[in-house]
>>> print(open('entry14.txt').read())   # compact mmCIF, C-alpha atoms
# COMPACT_ATOMS: atom_id res chain seq x y z
CA MET A 1 83.85 106.72 204.78
CA LYS A 2 81.87 109.80 203.94
CA ARG A 3 80.26 109.42 200.51
CA VAL A 4 80.31 112.40 198.18
CA PRO A 5 77.26 112.64 195.92
CA VAL A 6 77.80 112.09 192.21
CA VAL A 7 76.42 115.57 191.56
CA VAL A 8 79.54 117.00 193.22
CA TYR A 9 81.74 115.08 190.83
CA VAL A 10 79.72 116.23 187.87
CA ALA A 11 80.11 119.82 189.09
CA LEU A 12 83.84 119.22 189.30
CA LEU A 13 83.78 117.82 185.80
CA VAL A 14 82.22 121.02 184.51
CA ALA A 15 84.62 123.13 186.58
CA VAL A 16 87.64 121.35 185.17
CA GLY A 17 86.32 121.82 181.65
CA SER A 18 87.11 120.22 178.31
CA VAL A 19 86.47 116.79 179.71
CA SER A 20 85.10 113.89 177.73
CA THR A 21 83.82 110.81 179.48
CA ALA A 22 85.13 108.45 176.78
CA ALA A 23 87.04 108.76 173.54
CA ALA A 24 84.11 107.33 171.61
CA GLN A 25 81.95 110.20 172.81
CA ALA A 26 84.50 112.96 172.24
CA LYS A 27 83.98 115.31 169.33
CA PRO A 28 86.36 114.85 166.39
CA GLU A 29 88.02 118.23 166.98
CA MET A 30 88.65 117.30 170.61
CA LEU A 31 90.14 113.95 169.56
CA VAL A 32 92.52 115.80 167.23
CA GLU A 33 93.45 118.25 169.99
CA GLN A 34 94.10 115.40 172.41
CA ARG A 35 96.26 113.37 170.04
CA GLN A 36 98.22 116.49 169.03
CA SER A 37 98.71 117.26 172.72
CA ALA A 38 100.28 113.85 173.24
CA MET A 39 102.58 114.43 170.25
CA THR A 40 103.55 117.88 171.55
CA LEU A 41 104.53 116.37 174.90
CA LEU A 42 106.40 113.50 173.26
CA GLY A 43 108.37 116.22 171.47
CA LYS A 44 108.93 118.09 174.74
CA TYR A 45 110.49 115.07 176.41
CA PHE A 46 112.29 113.62 173.41
CA GLY A 47 114.31 116.83 173.28
CA PRO A 48 116.10 116.27 176.61
CA LEU A 49 116.89 112.69 175.55
CA VAL A 50 118.66 114.01 172.48
CA GLY A 51 120.34 116.62 174.67
CA MET A 52 121.61 113.80 176.82
CA LEU A 53 123.13 112.12 173.77
CA LYS A 54 124.86 115.36 172.92
CA GLY A 55 126.01 115.72 176.53
CA THR A 56 124.15 119.01 177.06
CA VAL A 57 121.50 117.65 179.45
CA PRO A 58 122.11 115.22 182.34
CA PHE A 59 120.25 111.92 181.94
CA ASP A 60 117.02 111.69 183.88
CA ALA A 61 115.30 108.30 183.92
CA LYS A 62 112.00 110.06 184.68
CA VAL A 63 111.99 111.35 181.11
CA ALA A 64 112.06 107.79 179.76
CA GLU A 65 108.96 107.03 181.85
CA PHE A 66 107.25 110.13 180.49
CA ILE A 67 107.95 109.02 176.90
CA ASP A 68 106.68 105.54 177.70
CA VAL A 69 103.40 106.76 179.20
CA LEU A 70 102.84 109.47 176.59
CA GLY A 71 103.50 106.91 173.85
CA LYS A 72 100.29 105.13 174.84
CA MET A 73 98.11 108.24 174.51
CA PRO A 74 97.79 109.44 170.91
CA TRP A 75 96.28 106.43 169.22
CA ASP A 76 92.62 106.45 170.24
CA GLY A 77 92.58 110.01 168.94
CA PHE A 78 92.96 108.72 165.37
CA ASP A 79 89.32 107.74 165.31
CA ALA A 80 87.65 107.43 161.90
CA SER A 81 85.41 110.34 162.90
CA THR A 82 88.44 112.66 162.68
CA GLN A 83 88.92 112.17 158.92
CA GLY A 84 88.37 115.56 157.35
CA GLN A 85 89.53 117.45 160.46
CA LYS A 86 92.42 119.83 159.83
CA SER A 87 95.58 118.05 160.97
CA GLY A 88 98.87 116.71 159.71
CA ALA A 89 97.55 113.14 159.59
CA LEU A 90 97.82 111.67 156.09
CA PRO A 91 94.89 109.65 154.65
CA ALA A 92 97.07 106.54 155.05
CA VAL A 93 96.35 106.63 158.80
CA PHE A 94 92.84 105.52 157.95
CA SER A 95 93.34 103.72 154.63
CA ASN A 96 96.25 101.62 155.93
CA SER A 97 95.28 101.36 159.55
CA ALA A 98 97.02 97.99 160.03
CA LYS A 99 100.39 99.49 159.11
CA PHE A 100 99.64 102.55 161.24
CA LYS A 101 98.85 100.37 164.23
CA GLU A 102 102.09 98.47 163.63
CA ALA A 103 104.01 101.76 163.70
CA ALA A 104 102.21 102.88 166.87
CA ASP A 105 102.94 99.53 168.49
CA ARG A 106 106.59 99.81 167.51
CA LEU A 107 106.93 103.16 169.27
CA GLN A 108 105.35 101.74 172.39
CA ALA A 109 107.64 98.70 172.34
CA GLU A 110 110.75 100.84 171.87
CA ALA A 111 109.66 103.26 174.61
CA ALA A 112 109.06 100.37 177.01
CA LYS A 113 112.57 99.09 176.22
CA LEU A 114 113.94 102.57 176.91
CA VAL A 115 112.48 102.46 180.41
CA THR A 116 114.02 99.03 180.98
CA VAL A 117 117.47 99.97 179.72
CA SER A 118 117.43 103.33 181.54
CA LYS A 119 117.20 101.41 184.81
CA THR A 120 120.37 99.43 184.07
CA GLY A 121 122.76 102.37 184.06
CA ASP A 122 124.14 101.14 180.73
CA GLU A 123 124.84 104.49 179.10
CA ALA A 124 125.67 103.10 175.67
CA GLY A 125 122.52 100.97 175.76
CA VAL A 126 120.41 103.99 176.69
CA LYS A 127 121.88 105.99 173.83
CA ALA A 128 121.17 103.23 171.33
CA GLN A 129 117.61 102.89 172.63
CA VAL A 130 116.98 106.64 172.40
CA GLY A 131 117.97 106.23 168.76
CA ALA A 132 115.50 103.36 168.37
CA VAL A 133 112.70 105.48 169.85
CA GLY A 134 113.61 108.36 167.54
CA LYS A 135 113.55 106.06 164.54
CA ALA A 136 110.12 104.75 165.54
CA CYS A 137 108.84 108.35 165.72
CA GLY A 138 110.49 109.36 162.48
CA SER A 139 109.49 106.41 160.34
CA CYS A 140 105.84 106.74 161.41
CA HIS A 141 105.94 110.46 160.66
CA ASP A 142 107.43 109.70 157.24
CA ASP A 143 104.55 107.42 156.33
CA PHE A 144 101.64 108.96 158.15
CA ARG A 145 102.26 112.67 158.76
CA ALA A 146 102.24 115.48 156.19
CA LYS A 147 105.60 117.19 155.73
CA GLU A 148 105.67 120.56 157.49
CA MET B 1 128.03 97.87 170.86
CA LYS B 2 127.80 99.76 167.61
CA ARG B 3 127.90 103.50 168.27
CA VAL B 4 125.61 105.75 166.29
CA PRO B 5 127.04 109.19 165.50
CA VAL B 6 125.42 112.16 167.23
CA VAL B 7 124.67 113.62 163.82
CA VAL B 8 122.15 110.80 163.29
CA TYR B 9 120.33 111.75 166.46
CA VAL B 10 120.31 115.40 165.49
CA ALA B 11 118.81 114.41 162.14
CA LEU B 12 116.18 112.43 164.04
CA LEU B 13 115.54 115.47 166.20
CA VAL B 14 114.83 117.55 163.13
CA ALA B 15 112.72 114.78 161.61
CA VAL B 16 110.57 114.51 164.71
CA GLY B 17 110.09 118.28 164.76
CA SER B 18 108.93 120.74 167.40
CA VAL B 19 111.53 119.51 169.84
CA SER B 20 113.23 121.65 172.45
CA THR B 21 116.37 120.44 174.17
CA ALA B 22 115.36 121.97 177.51
CA ALA B 23 112.46 123.95 178.87
CA ALA B 24 114.73 126.90 179.59
CA GLN B 25 115.57 127.13 175.90
CA ALA B 26 112.02 126.67 174.63
CA LYS B 27 110.24 129.68 173.22
CA PRO B 28 107.44 131.12 175.37
CA GLU B 29 104.77 130.14 172.87
CA MET B 30 106.06 126.56 172.87
CA LEU B 31 106.03 126.48 176.68
CA VAL B 32 102.40 127.59 176.63
CA GLU B 33 101.54 124.95 174.02
CA GLN B 34 103.27 122.26 176.06
CA ARG B 35 101.59 123.16 179.35
CA GLN B 36 98.20 123.42 177.62
CA SER B 37 98.83 120.01 176.06
CA ALA B 38 99.35 118.51 179.50
CA MET B 39 96.12 120.12 180.73
CA THR B 40 94.22 118.84 177.66
CA LEU B 41 95.40 115.31 178.41
CA LEU B 42 94.62 115.62 182.11
CA GLY B 43 91.10 116.52 180.97
CA LYS B 44 91.03 113.55 178.60
CA TYR B 45 91.79 111.09 181.35
CA PHE B 46 89.91 112.75 184.17
CA GLY B 47 86.75 112.23 182.14
CA PRO B 48 86.83 108.42 182.34
CA LEU B 49 87.45 108.63 186.09
CA VAL B 50 84.28 110.65 186.48
CA GLY B 51 82.53 108.21 184.18
CA MET B 52 83.61 105.45 186.51
CA LEU B 53 82.06 107.29 189.45
CA LYS B 54 78.84 107.52 187.48
CA GLY B 55 79.11 103.85 186.57
CA THR B 56 79.26 104.52 182.82
CA VAL B 57 82.91 103.53 182.34
CA PRO B 58 84.65 100.49 183.86
CA PHE B 59 87.51 101.41 186.19
CA ASP B 60 90.94 101.16 184.63
CA ALA B 61 93.93 101.61 186.95
CA LYS B 62 96.02 102.64 183.93
CA VAL B 63 94.08 105.91 183.83
CA ALA B 64 95.18 106.73 187.38
CA GLU B 65 98.80 106.26 186.29
CA PHE B 66 98.22 108.54 183.31
CA ILE B 67 96.82 111.27 185.58
CA ASP B 68 99.77 110.84 187.94
CA VAL B 69 102.39 111.16 185.20
CA LEU B 70 100.59 113.97 183.35
CA GLY B 71 100.23 115.84 186.65
CA LYS B 72 104.01 116.30 186.72
CA MET B 73 104.18 117.89 183.27
CA PRO B 74 102.52 121.32 183.13
CA TRP B 75 104.52 123.24 185.70
CA ASP B 76 107.82 124.05 184.01
CA GLY B 77 105.70 125.54 181.24
CA PHE B 78 104.65 128.37 183.55
CA ASP B 79 108.00 130.03 183.07
CA ALA B 80 108.22 133.80 183.70
CA SER B 81 108.98 134.23 180.00
CA THR B 82 105.41 133.21 179.19
CA GLN B 83 103.85 136.23 180.88
CA GLY B 84 102.10 138.19 178.15
CA GLN B 85 101.47 135.08 176.03
CA LYS B 86 97.82 134.51 175.18
CA SER B 87 96.54 131.88 177.60
CA GLY B 88 94.07 131.34 180.40
CA ALA B 89 96.73 131.74 183.08
CA LEU B 90 95.89 134.55 185.49
CA PRO B 91 98.65 136.99 186.57
CA ALA B 92 98.50 135.35 190.03
CA VAL B 93 100.43 132.37 188.58
CA PHE B 94 103.45 134.66 188.48
CA SER B 95 102.64 137.19 191.22
CA ASN B 96 101.78 134.51 193.79
CA SER B 97 104.05 131.75 192.60
CA ALA B 98 104.40 130.20 196.08
CA LYS B 99 100.66 129.59 196.29
CA PHE B 100 100.62 128.34 192.69
CA LYS B 101 103.40 125.88 193.45
CA GLU B 102 101.46 124.73 196.51
CA ALA B 103 98.41 124.07 194.32
CA ALA B 104 100.53 122.22 191.75
CA ASP B 105 102.12 120.14 194.49
CA ARG B 106 98.69 119.33 195.89
CA LEU B 107 97.50 117.92 192.57
CA GLN B 108 100.61 115.78 192.32
CA ALA B 109 100.18 114.50 195.88
CA GLU B 110 96.50 113.65 195.29
CA ALA B 111 97.30 111.97 191.96
CA ALA B 112 100.01 109.87 193.57
CA LYS B 113 97.51 108.81 196.24
CA LEU B 114 95.04 107.89 193.50
CA VAL B 115 97.59 105.47 192.04
CA THR B 116 98.17 103.94 195.45
CA VAL B 117 94.49 103.54 196.29
CA SER B 118 93.64 102.27 192.79
CA LYS B 119 95.94 99.31 193.46
CA THR B 120 94.07 98.31 196.60
CA GLY B 121 90.77 97.49 194.91
CA ASP B 122 88.98 99.66 197.49
CA GLU B 123 86.25 101.07 195.27
CA ALA B 124 84.93 103.57 197.80
CA GLY B 125 88.48 104.77 198.47
CA VAL B 126 89.11 105.21 194.75
CA LYS B 127 85.93 107.23 194.36
CA ALA B 128 86.85 109.51 197.25
CA GLN B 129 90.34 109.98 195.84
CA VAL B 130 89.01 110.82 192.37
CA GLY B 131 87.04 113.52 194.15
CA ALA B 132 90.21 114.75 195.87
CA VAL B 133 92.03 114.95 192.52
CA GLY B 134 89.09 116.82 191.00
CA LYS B 135 89.09 119.29 193.88
CA ALA B 136 92.82 119.87 193.45
CA CYS B 137 92.23 120.63 189.75
CA GLY B 138 89.21 122.82 190.42
CA SER B 139 90.61 124.90 193.26
CA CYS B 140 93.77 125.70 191.30
CA HIS B 141 91.67 126.64 188.27
CA ASP B 142 89.54 128.88 190.50
CA ASP B 143 92.57 130.83 191.68
CA PHE B 144 94.87 130.72 188.69
CA ARG B 145 92.88 130.23 185.49
CA ALA B 146 90.62 132.74 183.77
CA LYS B 147 86.96 131.72 183.64
CA GLU B 148 86.00 130.44 180.21
>>> encode(input="entry14.txt", output="structure tokens")
Amino acid sequence: MKRVPVVVYVALLVAVGSVSTAAAQAKPEMLVEQRQSAMTLLGKYFGPLVGMLKGTVPFDAKVAEFIDVLGKMPWDGFDASTQGQKSGALPAVFSNSAKFKEAADRLQAEAAKLVTVSKTGDEAGVKAQVGAVGKACGSCHDDFRAKE
Amino acid sequence: MKRVPVVVYVALLVAVGSVSTAAAQAKPEMLVEQRQSAMTLLGKYFGPLVGMLKGTVPFDAKVAEFIDVLGKMPWDGFDASTQGQKSGALPAVFSNSAKFKEAADRLQAEAAKLVTVSKTGDEAGVKAQVGAVGKACGSCHDDFRAKE
């Protein structure tokens, strides 16, 4: 196989822009932008799930997968270096990090269950699990996000 | 199974905030925020892939999955209603939408291949495919994104 020199990849990296090689090296403002991006997309795809419950949007199992994958993304953005950055994160994110991790883990567990149940075709089960995901979002926001 | 009233889900929807029930109903500024969020996260996870090529970050197949799933997310955000919104999107996104779709499809095809090859343990193949994903990003940015 033809090998492409690393310098080409580095050029690509620059071309693509806004790329960090690891969370630990990312600037605090970038970490905030990244975690907020994950939350924005969780909001984007939670909407259709609620629409499905209301009967306004046909159910699409792909959306459950999106929620599951996106639910893994915000957490490394809550690095201690981001304290003091402008964001909706309450100080409790950092002062009670064990409880915050528990809440983050709960979302991920509920989202994983949503993927599982969405493959069964059990409509009532899917609806209940969408509710469980929503509760995981909401209760974490209650404790760890400033009211808008 | 216990049924939860729709009103509870709607309350959850409000609690979670910033949720649209479908892309078609989302405001143009929200569509831009959502598509930019997907791009921000593609950047977040492309970085570690490049780091892997440079040998500074251990390879993690999960990252390939993230790129694959995120690569499906930006495109419905380039709705015609977003023309005139402040963003880096060039007019060609809308005036040459067939070519833009081709570029978007190319990224998704390359990202899907990255997932496949990342499961084989073929390190050279993974490196080449990371390059292919990077080229798909870069060539679309060349044609459809304003230079920063």
>>> atom_distance(input="entry14.txt", atom1="atom CA of Gly77 of chain A", atom2="atom CA of Arg35 of chain A")
5.1 Å
>>> atom_distance(input="entry14.txt", atom1="atom CA of Leu107 of chain A", atom2="atom CA of Leu42 of chain A")
11.1 Å
>>> residues_around(input="entry14.txt", residues="Arg106 of chain B", least_positions_apart="2", cutoff="12 Å", atoms="all atoms listed in the file", output="MDAnalysis selection string")
chainID B and resid 68 71:72 99:104 108:113 132:140
>>> closest_residue(input="entry14.txt", among="A:Ala128, A:Ala61, A:Val32, A:Ala89", to="chain B", atoms="all atoms listed in the file")
A:Ala128
>>> residues_around(input="entry14.txt", residues="Met39 of chain B", least_positions_apart="6", cutoff="12 Å", atoms="all atoms listed in the file", output="number ranges by chain")
A: 16-19, 33-34, 37-38, 41; B: 32-33, 45-46, 67, 69-75, 77, 88-89, 137, 141, 145
>>> atom_distance(input="entry14.txt", atom1="atom CA of Gly121 of chain B", atom2="atom CA of Gly47 of chain B")
19.9 Å
>>> closest_residue(input="entry14.txt", among="A:Asp60, A:Asp105, A:Glu29, A:Glu65", to="chain B", atoms="all atoms listed in the file")
A:Glu65
>>> closest_residue(input="entry14.txt", among="B:Phe144, B:Lys86, B:Val130, B:Pro91", to="chain A", atoms="all atoms listed in the file")
B:Val130
>>> closest_residue(input="entry14.txt", among="B:Asp142, B:Ala64, B:Ala80, B:Leu90", to="Val50 of chain B", atoms="all atoms listed in the file")
B:Ala64
>>> closest_residue(input="entry14.txt", among="B:Lys147, B:Lys119, B:Lys44, B:Lys62", to="chain A", atoms="only C-alpha atoms")
B:Lys44
>>> axis_aligned_box(input="entry14.txt", around="segment 65-78 of chain B", padding_each_side="6 Å", output="lines of an AutoDock Vina configuration file")
center_x = 102.3
center_y = 117.3
center_z = 184.6
size_x = 23.0
size_y = 34.1
size_z = 18.7
